[in-house]
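Asker: upload-v2.cif is reproduced in full below (mmCIF, C-alpha atoms).
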data_query
loop_
_atom_site.label_atom_id
_atom_site.label_comp_id
_atom_site.auth_asym_id
_atom_site.auth_seq_id
_atom_site.Cartn_x
_atom_site.Cartn_y
_atom_site.Cartn_z
CA MET A 1 19.97 -73.05 -23.19
CA LYS A 2 22.48 -75.78 -22.35
CA ASP A 3 23.28 -78.52 -24.81
CA MET A 4 20.73 -81.32 -24.29
CA LYS A 5 23.41 -83.80 -23.22
CA ASP A 6 24.35 -81.46 -20.35
CA LEU A 7 20.83 -81.39 -18.92
CA GLY A 8 19.49 -83.76 -16.27
CA PHE A 9 18.49 -87.31 -17.17
CA GLU A 10 14.81 -86.64 -16.49
CA THR A 11 14.90 -83.62 -18.81
CA ARG A 12 16.59 -85.67 -21.53
CA CYS A 13 13.85 -88.28 -21.20
CA VAL A 14 11.14 -85.69 -21.78
CA HIS A 15 12.77 -83.33 -24.27
CA GLY A 16 15.59 -85.26 -25.89
CA ALA A 17 15.97 -85.73 -29.67
CA TYR A 18 12.79 -83.96 -30.77
CA LYS A 19 11.74 -80.34 -30.47
CA ALA A 20 8.56 -79.00 -32.02
CA GLY A 21 8.88 -76.08 -34.38
CA SER A 22 6.53 -73.12 -34.26
CA ALA A 23 2.96 -74.43 -34.69
CA GLY A 24 4.44 -77.93 -35.02
CA PRO A 25 3.23 -81.06 -33.19
CA GLN A 26 4.39 -81.19 -29.57
CA ASN A 27 4.80 -84.95 -29.79
CA LEU A 28 7.08 -86.75 -32.23
CA PRO A 29 5.06 -87.38 -35.43
CA ILE A 30 4.64 -90.82 -36.98
CA VAL A 31 6.01 -90.52 -40.50
CA GLN A 32 4.26 -93.45 -42.15
CA SER A 33 5.76 -93.45 -45.62
CA THR A 34 7.83 -96.04 -47.45
CA THR A 35 9.72 -93.52 -49.54
CA TYR A 36 10.73 -89.85 -49.78
CA ARG A 37 10.53 -87.51 -52.77
CA TYR A 38 13.39 -85.52 -54.32
CA TYR A 39 13.57 -83.14 -57.25
CA ASN A 40 16.99 -83.69 -58.74
CA ALA A 41 19.34 -86.62 -59.29
CA GLN A 42 22.23 -85.06 -57.36
CA ASP A 43 20.29 -85.06 -54.08
CA VAL A 44 19.57 -88.76 -54.50
CA ALA A 45 23.17 -89.49 -55.48
CA GLU A 46 24.32 -87.91 -52.23
CA LEU A 47 22.06 -90.31 -50.32
CA PHE A 48 23.69 -93.34 -51.93
CA ASP A 49 27.18 -91.93 -51.34
CA LEU A 50 26.30 -91.45 -47.64
CA ASP A 51 26.90 -87.72 -48.01
CA SER A 52 23.41 -86.79 -46.85
CA PRO A 53 21.56 -87.71 -43.60
CA ASN A 54 18.16 -87.28 -45.25
CA PRO A 55 15.74 -90.23 -45.58
CA MET A 56 15.19 -92.06 -48.85
CA TYR A 57 13.51 -95.40 -48.12
CA ALA A 58 11.88 -96.68 -44.93
CA ARG A 59 14.00 -99.85 -44.77
CA LEU A 60 16.93 -97.52 -44.10
CA GLY A 61 15.12 -95.36 -41.57
CA SER A 62 12.60 -92.55 -41.26
CA PRO A 63 12.36 -89.26 -39.36
CA THR A 64 10.45 -91.03 -36.57
CA VAL A 65 12.99 -93.84 -36.26
CA ASP A 66 15.87 -91.35 -36.48
CA ALA A 67 14.50 -89.38 -33.52
CA PHE A 68 14.14 -92.56 -31.48
CA GLU A 69 17.75 -93.54 -32.26
CA GLN A 70 19.00 -90.12 -31.24
CA LYS A 71 17.06 -90.31 -27.97
CA MET A 72 18.49 -93.72 -27.08
CA ALA A 73 22.01 -92.45 -27.79
CA LEU A 74 21.36 -89.35 -25.70
CA LEU A 75 20.09 -91.35 -22.72
CA GLU A 76 22.96 -93.85 -22.86
CA GLY A 77 25.59 -91.15 -23.33
CA GLY A 78 26.59 -92.50 -26.75
CA THR A 79 27.57 -90.80 -29.99
CA ALA A 80 25.04 -92.53 -32.28
CA GLY A 81 22.22 -95.06 -32.25
CA MET A 82 20.78 -97.57 -34.69
CA ALA A 83 17.31 -99.05 -34.27
CA ALA A 84 16.45 -102.62 -35.19
CA SER A 85 13.31 -104.71 -35.39
CA SER A 86 14.02 -106.50 -32.09
CA GLY A 87 16.61 -106.94 -29.37
CA GLN A 88 17.73 -110.17 -31.02
CA ALA A 89 18.32 -108.28 -34.25
CA ALA A 90 20.28 -105.60 -32.37
CA ASN A 91 22.66 -108.17 -30.88
CA LEU A 92 23.00 -109.99 -34.20
CA ILE A 93 23.91 -106.94 -36.27
CA SER A 94 26.25 -105.59 -33.59
CA LEU A 95 28.42 -108.69 -34.06
CA LEU A 96 27.97 -109.11 -37.82
CA ASN A 97 29.14 -105.51 -38.22
CA ILE A 98 32.67 -106.53 -37.19
CA CYS A 99 32.76 -110.35 -37.45
CA GLU A 100 32.89 -112.76 -40.34
CA ALA A 101 33.31 -116.51 -40.83
CA GLY A 102 36.38 -117.71 -38.96
CA ASP A 103 36.21 -115.07 -36.21
CA HIS A 104 35.90 -115.70 -32.47
CA VAL A 105 33.73 -113.94 -29.85
CA LEU A 106 33.91 -114.22 -26.06
CA SER A 107 30.65 -114.06 -24.09
CA GLY A 108 29.70 -114.45 -20.46
CA THR A 109 27.38 -117.41 -19.87
CA ASN A 110 24.80 -115.45 -17.84
CA ILE A 111 22.90 -114.05 -20.79
CA TYR A 112 19.32 -114.24 -22.07
CA GLY A 113 18.47 -117.72 -23.39
CA GLY A 114 17.49 -116.37 -26.80
CA THR A 115 20.82 -114.60 -27.13
CA TYR A 116 22.65 -117.75 -26.01
CA ASN A 117 20.90 -119.73 -28.75
CA LEU A 118 21.63 -117.00 -31.31
CA PHE A 119 25.31 -117.14 -30.43
CA ASN A 120 25.64 -120.88 -29.85
CA VAL A 121 23.63 -122.11 -32.84
CA THR A 122 22.96 -119.50 -35.50
CA LEU A 123 26.30 -117.67 -35.41
CA ARG A 124 28.13 -121.00 -35.46
CA LYS A 125 26.27 -121.87 -38.67
CA LEU A 126 27.67 -118.63 -40.09
CA GLY A 127 31.18 -119.69 -39.10
CA ILE A 128 31.53 -117.37 -36.08
CA ASP A 129 32.75 -119.24 -32.99
CA VAL A 130 31.30 -117.92 -29.73
CA GLU A 131 33.04 -119.14 -26.59
CA PHE A 132 31.15 -118.87 -23.28
CA PHE A 133 32.87 -118.39 -19.92
CA ASP A 134 32.13 -117.67 -16.27
CA GLN A 135 31.77 -113.89 -16.10
CA ASP A 136 32.91 -113.87 -12.47
CA MET A 137 36.35 -115.26 -13.29
CA PRO A 138 39.38 -112.98 -12.73
CA LEU A 139 40.41 -110.40 -15.31
CA GLU A 140 43.61 -112.20 -16.26
CA ASP A 141 41.70 -115.45 -16.88
CA ILE A 142 39.31 -113.69 -19.23
CA VAL A 143 42.18 -112.12 -21.17
CA ALA A 144 43.84 -115.56 -21.39
CA LEU A 145 40.86 -116.79 -23.44
CA GLN A 146 41.78 -114.44 -26.28
CA ARG A 147 42.72 -115.91 -29.63
CA PRO A 148 44.33 -114.15 -32.61
CA ASN A 149 40.87 -114.08 -34.24
CA THR A 150 38.94 -112.75 -31.21
CA ARG A 151 36.82 -109.80 -32.27
CA ALA A 152 34.48 -108.91 -29.37
CA LEU A 153 33.69 -109.37 -25.68
CA PHE A 154 29.98 -109.59 -24.78
CA GLY A 155 27.94 -109.55 -21.56
CA GLU A 156 24.68 -108.37 -19.98
CA THR A 157 24.53 -105.66 -17.31
CA LEU A 158 21.83 -107.67 -15.53
CA GLY A 159 21.63 -111.28 -16.65
CA ASN A 160 18.23 -112.51 -17.79
CA PRO A 161 17.03 -114.58 -15.93
CA ALA A 162 20.21 -115.24 -13.87
CA LEU A 163 20.02 -111.73 -12.32
CA SER A 164 23.81 -111.63 -12.18
CA VAL A 165 25.48 -108.21 -12.22
CA LEU A 166 28.30 -107.77 -14.70
CA ASP A 167 31.53 -106.21 -13.45
CA LEU A 168 31.60 -103.59 -16.19
CA GLU A 169 35.00 -102.12 -15.36
CA LYS A 170 36.60 -105.58 -15.33
CA PHE A 171 35.11 -106.44 -18.72
CA ALA A 172 36.12 -103.06 -20.13
CA ALA A 173 39.69 -103.59 -18.91
CA ALA A 174 39.77 -107.08 -20.41
CA ALA A 175 38.47 -105.83 -23.75
CA ALA A 176 41.02 -103.00 -23.77
CA GLN A 177 43.86 -105.47 -23.20
CA MET A 178 42.56 -107.66 -26.02
CA LYS A 179 42.02 -104.59 -28.26
CA VAL A 180 38.45 -105.61 -29.06
CA PRO A 181 35.15 -103.79 -28.35
CA PHE A 182 33.20 -104.52 -25.19
CA ILE A 183 29.54 -104.98 -26.17
CA VAL A 184 26.98 -105.02 -23.35
CA ASP A 185 23.24 -105.65 -23.37
CA ASN A 186 21.68 -103.11 -20.97
CA THR A 187 18.04 -104.15 -21.40
CA LEU A 188 17.08 -104.95 -17.79
CA ALA A 189 19.03 -102.12 -16.17
CA THR A 190 18.15 -99.39 -18.69
CA PRO A 191 20.08 -96.10 -18.82
CA ALA A 192 17.92 -94.85 -15.94
CA LEU A 193 19.80 -97.21 -13.60
CA CYS A 194 23.11 -97.83 -15.36
CA ARG A 195 24.98 -96.33 -18.31
CA PRO A 196 27.71 -98.84 -19.26
CA ILE A 197 29.58 -96.43 -21.53
CA GLU A 198 30.50 -94.45 -18.40
CA TYR A 199 32.31 -97.58 -17.17
CA GLY A 200 34.20 -98.27 -20.40
CA ALA A 201 31.74 -100.16 -22.61
CA ASN A 202 32.13 -99.46 -26.32
CA ILE A 203 28.78 -100.66 -27.69
CA VAL A 204 25.45 -100.95 -25.82
CA THR A 205 22.49 -102.98 -27.04
CA HIS A 206 18.85 -103.11 -25.94
CA SER A 207 15.70 -105.03 -26.40
CA THR A 208 13.57 -101.89 -26.32
CA THR A 209 10.55 -104.22 -26.16
CA LYS A 210 11.08 -104.29 -22.39
CA PHE A 211 11.48 -101.29 -20.08
CA ALA A 212 12.29 -98.75 -22.83
CA ASP A 213 8.78 -99.18 -24.23
CA GLY A 214 7.47 -100.15 -20.80
CA HIS A 215 3.87 -100.81 -21.82
CA GLY A 216 4.06 -104.08 -23.73
CA THR A 217 3.12 -102.55 -27.07
CA SER A 218 6.17 -102.58 -29.36
CA ILE A 219 8.87 -105.04 -30.41
CA GLY A 220 12.18 -103.31 -31.03
CA GLY A 221 15.90 -103.12 -30.44
CA CYS A 222 18.68 -100.57 -30.51
CA VAL A 223 22.47 -100.44 -30.77
CA ILE A 224 24.24 -97.44 -29.21
CA GLU A 225 27.80 -96.50 -30.10
CA GLY A 226 30.10 -95.22 -27.38
CA GLY A 227 32.42 -93.45 -29.82
CA ASN A 228 35.34 -94.59 -27.67
CA PHE A 229 36.96 -97.40 -29.67
CA ASP A 230 39.85 -97.12 -32.14
CA TRP A 231 38.83 -99.23 -35.13
CA THR A 232 42.30 -98.91 -36.68
CA VAL A 233 43.86 -101.38 -34.21
CA LYS A 234 46.00 -104.04 -35.86
CA ASN A 235 46.72 -107.75 -35.51
CA ASP A 236 50.17 -108.96 -34.61
CA ASP A 237 51.00 -109.31 -38.30
CA GLY A 238 50.20 -105.65 -38.92
CA SER A 239 46.87 -106.24 -40.69
CA LEU A 240 43.73 -104.41 -39.62
CA LYS A 241 41.75 -106.24 -36.94
CA PHE A 242 38.50 -104.62 -38.14
CA PRO A 243 38.75 -104.07 -41.91
CA SER A 244 34.96 -103.65 -42.21
CA MET A 245 35.31 -100.45 -40.17
CA ALA A 246 38.72 -99.09 -41.15
CA ALA A 247 39.52 -100.35 -44.67
CA PRO A 248 38.05 -99.17 -47.99
CA ASP A 249 34.59 -100.64 -48.66
CA GLU A 250 34.29 -101.41 -52.35
CA SER A 251 30.49 -101.51 -52.14
CA TYR A 252 30.69 -97.78 -51.32
CA HIS A 253 33.30 -96.68 -53.86
CA GLY A 254 36.16 -97.39 -51.48
CA LEU A 255 34.68 -95.42 -48.58
CA ASN A 256 36.43 -95.90 -45.23
CA PHE A 257 33.67 -95.76 -42.58
CA TYR A 258 35.89 -94.90 -39.60
CA GLU A 259 37.86 -92.31 -41.53
CA LYS A 260 34.71 -90.56 -42.75
CA PHE A 261 32.30 -90.94 -39.82
CA GLY A 262 34.61 -91.16 -36.81
CA ASP A 263 32.74 -91.73 -33.55
CA ALA A 264 29.53 -92.56 -35.44
CA ALA A 265 31.17 -95.05 -37.83
CA PHE A 266 29.82 -98.20 -36.18
CA CYS A 267 26.16 -97.15 -36.35
CA THR A 268 26.57 -95.60 -39.80
CA ARG A 269 27.82 -98.91 -41.13
CA LEU A 270 25.02 -100.76 -39.36
CA LYS A 271 22.49 -98.77 -41.34
CA ALA A 272 24.39 -98.62 -44.62
CA VAL A 273 25.24 -102.32 -44.73
CA LEU A 274 23.48 -104.55 -42.16
CA ILE A 275 20.05 -102.91 -42.10
CA ARG A 276 20.27 -102.44 -45.86
CA ASP A 277 21.06 -106.10 -46.50
CA LEU A 278 19.15 -107.89 -43.71
CA GLY A 279 16.15 -105.59 -43.56
CA CYS A 280 15.65 -105.86 -39.78
CA THR A 281 14.16 -102.37 -39.67
CA MET A 282 12.15 -100.84 -36.84
CA ALA A 283 8.70 -99.70 -37.96
CA PRO A 284 7.83 -95.99 -37.49
CA MET A 285 4.87 -96.86 -35.27
CA ASN A 286 7.06 -98.92 -32.94
CA ALA A 287 9.66 -96.13 -32.86
CA TYR A 288 6.93 -93.62 -31.97
CA LEU A 289 5.47 -95.74 -29.17
CA THR A 290 8.88 -96.56 -27.71
CA HIS A 291 9.89 -92.90 -27.90
CA GLN A 292 6.74 -92.14 -25.91
CA GLY A 293 7.74 -94.76 -23.37
CA LEU A 294 11.21 -93.28 -22.98
CA GLN A 295 9.68 -89.97 -21.90
CA THR A 296 8.61 -91.59 -18.62
CA LEU A 297 11.52 -94.04 -18.28
CA ASP A 298 13.10 -92.37 -15.27
CA VAL A 299 9.92 -92.09 -13.20
CA ARG A 300 8.80 -95.58 -14.19
CA MET A 301 12.11 -97.18 -13.21
CA GLU A 302 12.07 -95.33 -9.89
CA ARG A 303 8.67 -96.88 -9.10
CA HIS A 304 9.62 -100.28 -10.52
CA VAL A 305 12.61 -100.37 -8.16
CA LYS A 306 10.60 -99.18 -5.16
CA ASN A 307 7.99 -101.88 -5.75
CA ALA A 308 10.62 -104.55 -6.44
CA ASN A 309 12.43 -103.82 -3.19
CA ALA A 310 9.19 -104.21 -1.23
CA VAL A 311 8.26 -107.43 -3.02
CA ALA A 312 11.76 -108.90 -2.59
CA GLU A 313 11.67 -108.21 1.16
CA PHE A 314 8.27 -109.90 1.40
CA LEU A 315 9.36 -112.98 -0.55
CA SER A 316 12.62 -113.34 1.37
CA ASN A 317 10.60 -113.75 4.59
CA HIS A 318 7.77 -115.98 3.32
CA PRO A 319 7.83 -119.58 4.64
CA MET A 320 6.83 -121.04 1.25
CA VAL A 321 9.73 -119.35 -0.57
CA ASP A 322 12.80 -121.59 -0.65
CA TRP A 323 15.21 -119.00 -2.05
CA ILE A 324 15.25 -115.66 -3.86
CA ILE A 325 17.69 -114.01 -6.26
CA TYR A 326 17.54 -110.22 -6.46
CA PRO A 327 20.72 -108.10 -6.47
CA GLY A 328 18.96 -105.34 -4.56
CA LEU A 329 18.74 -107.51 -1.45
CA GLU A 330 21.54 -107.36 1.10
CA GLY A 331 23.22 -110.73 1.19
CA ASP A 332 22.67 -111.40 -2.51
CA LYS A 333 25.82 -112.60 -4.28
CA TYR A 334 25.80 -109.54 -6.54
CA TYR A 335 24.62 -106.94 -4.02
CA ASP A 336 27.95 -105.09 -3.86
CA LEU A 337 28.29 -104.91 -7.65
CA ALA A 338 24.69 -103.71 -7.90
CA GLN A 339 25.43 -100.93 -5.41
CA LYS A 340 28.48 -99.93 -7.45
CA TYR A 341 26.95 -99.92 -10.92
CA MET A 342 23.24 -99.41 -10.14
CA PRO A 343 23.07 -97.23 -7.01
CA LYS A 344 19.52 -96.13 -7.88
CA GLY A 345 18.29 -99.72 -7.83
CA ALA A 346 18.86 -103.22 -9.18
CA GLY A 347 15.94 -103.28 -11.57
CA ALA A 348 12.54 -104.92 -11.27
CA VAL A 349 13.14 -108.55 -12.23
CA MET A 350 13.82 -111.32 -9.72
CA SER A 351 13.51 -115.07 -9.43
CA PHE A 352 12.50 -117.22 -6.48
CA GLY A 353 11.83 -120.85 -5.66
CA VAL A 354 8.53 -122.16 -4.35
CA LYS A 355 8.81 -125.03 -1.90
CA GLY A 356 7.32 -128.18 -3.39
CA GLY A 357 8.94 -128.14 -6.81
CA ARG A 358 7.18 -128.11 -10.17
CA ALA A 359 3.69 -128.97 -8.88
CA ALA A 360 3.91 -126.18 -6.31
CA GLY A 361 5.07 -123.71 -8.94
CA GLU A 362 2.16 -124.60 -11.21
CA LYS A 363 -0.34 -124.30 -8.36
CA PHE A 364 1.10 -120.92 -7.37
CA LEU A 365 0.52 -119.57 -10.88
CA GLU A 366 -3.01 -120.95 -11.03
CA ASN A 367 -3.96 -119.05 -7.89
CA LEU A 368 -2.71 -115.62 -8.97
CA GLU A 369 -5.44 -113.06 -9.54
CA LEU A 370 -3.72 -109.72 -10.16
CA CYS A 371 -0.33 -110.72 -11.56
CA SER A 372 -0.16 -111.66 -15.24
CA ILE A 373 1.19 -114.98 -16.55
CA VAL A 374 3.02 -113.86 -19.69
CA VAL A 375 6.23 -114.66 -21.57
CA HIS A 376 7.55 -111.15 -21.03
CA VAL A 377 9.26 -108.84 -18.57
CA GLY A 378 9.66 -105.12 -18.20
CA ASP A 379 6.28 -103.45 -18.54
CA ILE A 380 3.84 -101.76 -16.19
CA HIS A 381 2.08 -105.04 -15.32
CA THR A 382 3.53 -107.40 -12.74
CA SER A 383 4.38 -110.49 -14.78
CA VAL A 384 5.23 -114.02 -13.72
CA LEU A 385 6.35 -117.19 -15.44
CA HIS A 386 7.05 -120.73 -14.25
CA PRO A 387 9.68 -122.01 -16.72
CA ALA A 388 9.46 -125.68 -15.66
CA SER A 389 5.83 -125.91 -16.78
CA THR A 390 6.05 -123.46 -19.71
CA THR A 391 9.21 -122.48 -21.58
CA HIS A 392 11.17 -125.57 -20.43
CA ARG A 393 8.29 -128.04 -20.11
CA GLN A 394 9.71 -130.30 -22.84
CA LEU A 395 12.71 -131.14 -20.63
CA SER A 396 12.87 -133.75 -17.90
CA GLU A 397 13.38 -132.49 -14.35
CA GLU A 398 17.01 -133.65 -14.55
CA ALA A 399 17.53 -131.74 -17.78
CA GLN A 400 15.86 -128.65 -16.30
CA LEU A 401 18.23 -128.72 -13.34
CA ALA A 402 21.19 -129.09 -15.68
CA ALA A 403 19.97 -125.98 -17.51
CA GLY A 404 19.76 -124.06 -14.22
CA ILE A 405 15.98 -124.25 -14.01
CA ASP A 406 14.87 -125.28 -10.53
CA PRO A 407 11.47 -127.06 -10.75
CA GLY A 408 9.94 -124.45 -8.45
CA LEU A 409 11.59 -121.39 -10.02
CA ILE A 410 9.34 -118.39 -10.66
CA ARG A 411 10.54 -115.43 -12.70
CA LEU A 412 8.87 -112.24 -11.51
CA SER A 413 8.89 -108.84 -13.19
CA VAL A 414 7.47 -106.32 -10.74
CA GLY A 415 5.14 -103.75 -12.27
CA LEU A 416 3.69 -100.41 -11.27
CA GLU A 417 0.63 -101.52 -9.33
CA THR A 418 0.25 -100.51 -5.68
CA PRO A 419 2.95 -102.59 -3.95
CA GLU A 420 0.59 -103.76 -1.21
CA ASP A 421 -1.73 -105.16 -3.89
CA ILE A 422 1.11 -107.04 -5.61
CA ILE A 423 2.23 -108.50 -2.28
CA ALA A 424 -1.32 -109.45 -1.32
CA ASP A 425 -1.77 -111.37 -4.57
CA LEU A 426 1.55 -113.18 -4.19
CA SER A 427 0.75 -113.93 -0.55
CA GLN A 428 -2.65 -115.48 -1.15
CA ALA A 429 -1.29 -117.56 -4.04
CA LEU A 430 1.63 -118.83 -1.94
CA ASP A 431 -0.66 -119.61 0.99
CA LYS A 432 -2.78 -121.87 -1.26
CA VAL A 433 0.28 -123.93 -2.20
CA LYS A 434 0.71 -125.17 1.39
#
In C-alpha cells, what does this structure look like?
Answerer:
Amino acid sequence: MKDMKDLGFETRCVHGAYKAGSAGPQNLPIVQSTTYRYYNAQDVAELFDLDSPNPMYARLGSPTVDAFEQKMALLEGGTAGMAASSGQAANLISLLNICEAGDHVLSGTNIYGGTYNLFNVTLRKLGIDVEFFDQDMPLEDIVALQRPNTRALFGETLGNPALSVLDLEKFAAAAAQMKVPFIVDNTLATPALCRPIEYGANIVTHSTTKFADGHGTSIGGCVIEGGNFDWTVKNDDGSLKFPSMAAPDESYHGLNFYEKFGDAAFCTRLKAVLIRDLGCTMAPMNAYLTHQGLQTLDVRMERHVKNANAVAEFLSNHPMVDWIIYPGLEGDKYYDLAQKYMPKGAGAVMSFGVKGGRAAGEKFLENLELCSIVVHVGDIHTSVLHPASTTHRQLSEEAQLAAGIDPGLIRLSVGLETPEDIIADLSQALDKVK
C-alpha cells in the first residue's frame, strides 16, 4: 500500500493517522487517563530527556490527542502537529515559541477580532510588539516594515469576518526575504480548500472548533509545522535569530531542538515547553470528536461551498440586501485570489448588509425560523449574527463604523441544510424587514 501521505485527500480524511489492529476498535479510542504506567526508571528518564515518544502525563498529550495531531499534519501536508485547548491558544503558543519580550511581529489587519486583541493587548503586556498593516500592500512595502527584532509574519487565509483572501505566495516571499517564519491561520478555508504550506507557509494554525470539528461540539486548536524553515538563520551581528529553536536549552540539559528534531523541532518544543508550562492542553474527548469530524471534512466542505454559492447568488440579487462580501462571487474584490488559492471554493462564511441599518438587522434576525443565531461559525447549522446589536452593541454607531461594523451587517455561516430551505428562511426574514 502507498504511504498515507501519497493517497488522495478524501482517503487521508477517513484513514489517516489511526489504523485498527487485529480485533482492535475501528474508530480511534478515547484514552481517558491522566497518567501512564511504567516499570523501570530508565523508561521514565527517557521521557523527560525527550528520547521517547510515549505518553507520560495527559497535560503533555495522550494517544488520542497524538492521533488527532498526526491527522491534522497529514491533511495540511506538514511534518508535525501540536494540539491546543483552543484556536486562541494555538496562535498564542505559535508566537511564544519563538518570541520573547522586546521582539517584533508583523500581522495583517484582516484577522479574527479575538486574535487582534490577543496580539494588540495581551502580547504587548508581555513585551512583544505586534505591528498591523494592510495585507494588500505590495511585497516590497511589507518587507520594508521589518525591524532587526522582527521574528514572524502572520495572516489568515480567509479573514474572519473581513472575508479577505491572503496572497499566500506574496507573504511567503516577504517572510523569506526577512528570514522569519510565515505563520497563517487556515481556520475558515481548512485543508480541504487550501493548504498554505504548498504555497510557502512555514507554520499553519487552526481553531479546530470550527470546520475541523464541524458539529459545534468541541473547543480546540492545532499548530502544524511545515518543516520548511531553517531555524539556524542569524541576525546581522551573527547571533542566532531564533535561539529558542537552535541554541542549547538549559532546561533540557543543553538540548538543541532543531539539531535533534529537525523538521519536527517547532512542534516538539511546543509540547516540551509551552504546553508543559502553560497547560493549554486539548482534552482526549475533544481530540476524539474532532478526529471524527475530520473524517468527513472533505465531503462537508464540498456541500458547504455548494450551499454558500447558492445563498450568495440569492443575496446578491435581493432588493433588501445593500451589499455582500463573499470571495466566491464574481466581482468580489478577492475573487481572483480565491480562484488561485481555493479553486474548490471560497468557504462557507459571508457577510452582507441589510438595508435600513441596525433596526433592520435586528428585525431580520428576529424573523429567522430555520437559521440559528449563535456566536459561532463553521458547523453543520446555518448560523447568523448581527454584530451591531450583539458583539459590538456597547459601541455607538460611529464607533461601530470606525471598527468596520456596518449597522446592518450580518455575518452568515452557511450550513448543510437543503439550500432551498436556507434561502427560503432568509427570504421570508428579509421580506418582513421591508
Asker: Between CA of Met301 (chain A) and CA of Cys13 (chain A), what is the distance, to one decimal in Å?
Answerer: 12.1 Å
Asker: For a test of reading the model, state the distance in Å between CA of Glu10 (chain A) and CA of Pro53 (chain A), rounded to one decimal.
Answerer: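 Atom-to-atom, CA of Glu10 (chain A) to CA of Pro53 (chain A), that is 28.0 Å.
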Asker: Using all atoms listed in the file, which protein or nucleic acid residues come within 6 Å of region 177-186 of chain A? Drop anything in the same chain fewer than 3 positions from it, and give the result as a PyMOL selection string.
Answerer: chain A and resi 151-157+174+189-190+201-206
Asker: Include C-alpha atoms and write out the residues we just selected as a short mmCIF file (atom, residue, chain, number, x, y, z; two decimals), in the coordinates of the input.
Answerer:
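So out.cif came out as:
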data_model
loop_
_atom_site.label_atom_id
_atom_site.label_comp_id
_atom_site.auth_asym_id
_atom_site.auth_seq_id
_atom_site.Cartn_x
_atom_site.Cartn_y
_atom_site.Cartn_z
CA ARG A 151 36.82 -109.80 -32.27
CA ALA A 152 34.48 -108.91 -29.37
CA LEU A 153 33.69 -109.37 -25.68
CA PHE A 154 29.98 -109.59 -24.78
CA GLY A 155 27.94 -109.55 -21.56
CA GLU A 156 24.68 -108.37 -19.98
CA THR A 157 24.53 -105.66 -17.31
CA ALA A 174 39.77 -107.08 -20.41
CA ALA A 189 19.03 -102.12 -16.17
CA THR A 190 18.15 -99.39 -18.69
CA ALA A 201 31.74 -100.16 -22.61
CA ASN A 202 32.13 -99.46 -26.32
CA ILE A 203 28.78 -100.66 -27.69
CA VAL A 204 25.45 -100.95 -25.82
CA THR A 205 22.49 -102.98 -27.04
CA HIS A 206 18.85 -103.11 -25.94
#
Asker: Can you pull out the residues contacting Ile30 (chain A)? Cut-off 8 Å, using all atoms listed in the file, and skip same-chain residues under 3 positions away; I want them as a PyMOL selection string.
Answerer: chain A and resi 64+284-285+288
Asker: Considering only C-alpha atoms, can you say which of A:Lys234, A:His15, A:Arg393, A:Arg411 comes closest to Ile325 (chain A)?
Answerer: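 Comparing A:Lys234, A:His15, A:Arg393, A:Arg411 against Ile325 (chain A), the winner is A:Arg411.
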Asker: Just to confirm, what's the straight-line distance from CA of Phe266 (chain A) to CA of Leu50 (chain A) in Å (one decimal)?
Answerer: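 According to the coordinates, CA of Phe266 (chain A) and CA of Leu50 (chain A) are separated by 13.8 Å.
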Asker: Applied to this file, what does the PyMOL selection byres ((chain A and resi 262) around 12) return in terms of residues, put as a PyMOL selection string?
Answerer: chain A and resi 79-80+225-232+245-246+256-261+263-269
Asker: What are the centre and edge lengths in Å, to one decimal, of the axis-aligned box around all listed atoms of region 260-276 of chain A with 4 Å added on each side, as AutoDock Vina command-line options?
Answerer:
--center_x 27.4 --center_y -97.6 --center_z -39.7 --size_x 22.7 --size_y 22.0 --size_z 20.3
Asker: Mind listing as a ChimeraX atom specification all residues within 12 Å of (8.1, -106.7, -30.1), counting only C-alpha atoms?
Answerer: /A:84-89,207-221,282-283,285-287,289-290,375-377
Asker: List as a ChimeraX atom specification the protein and nucleic acid residues near Leu92 (chain A), meaning an atom at most 9 Å away when only C-alpha atoms are counted, but skip any in the same chain fewer than 3 places from it.
Answerer: /A:87-89,95-97,115,118-119,123
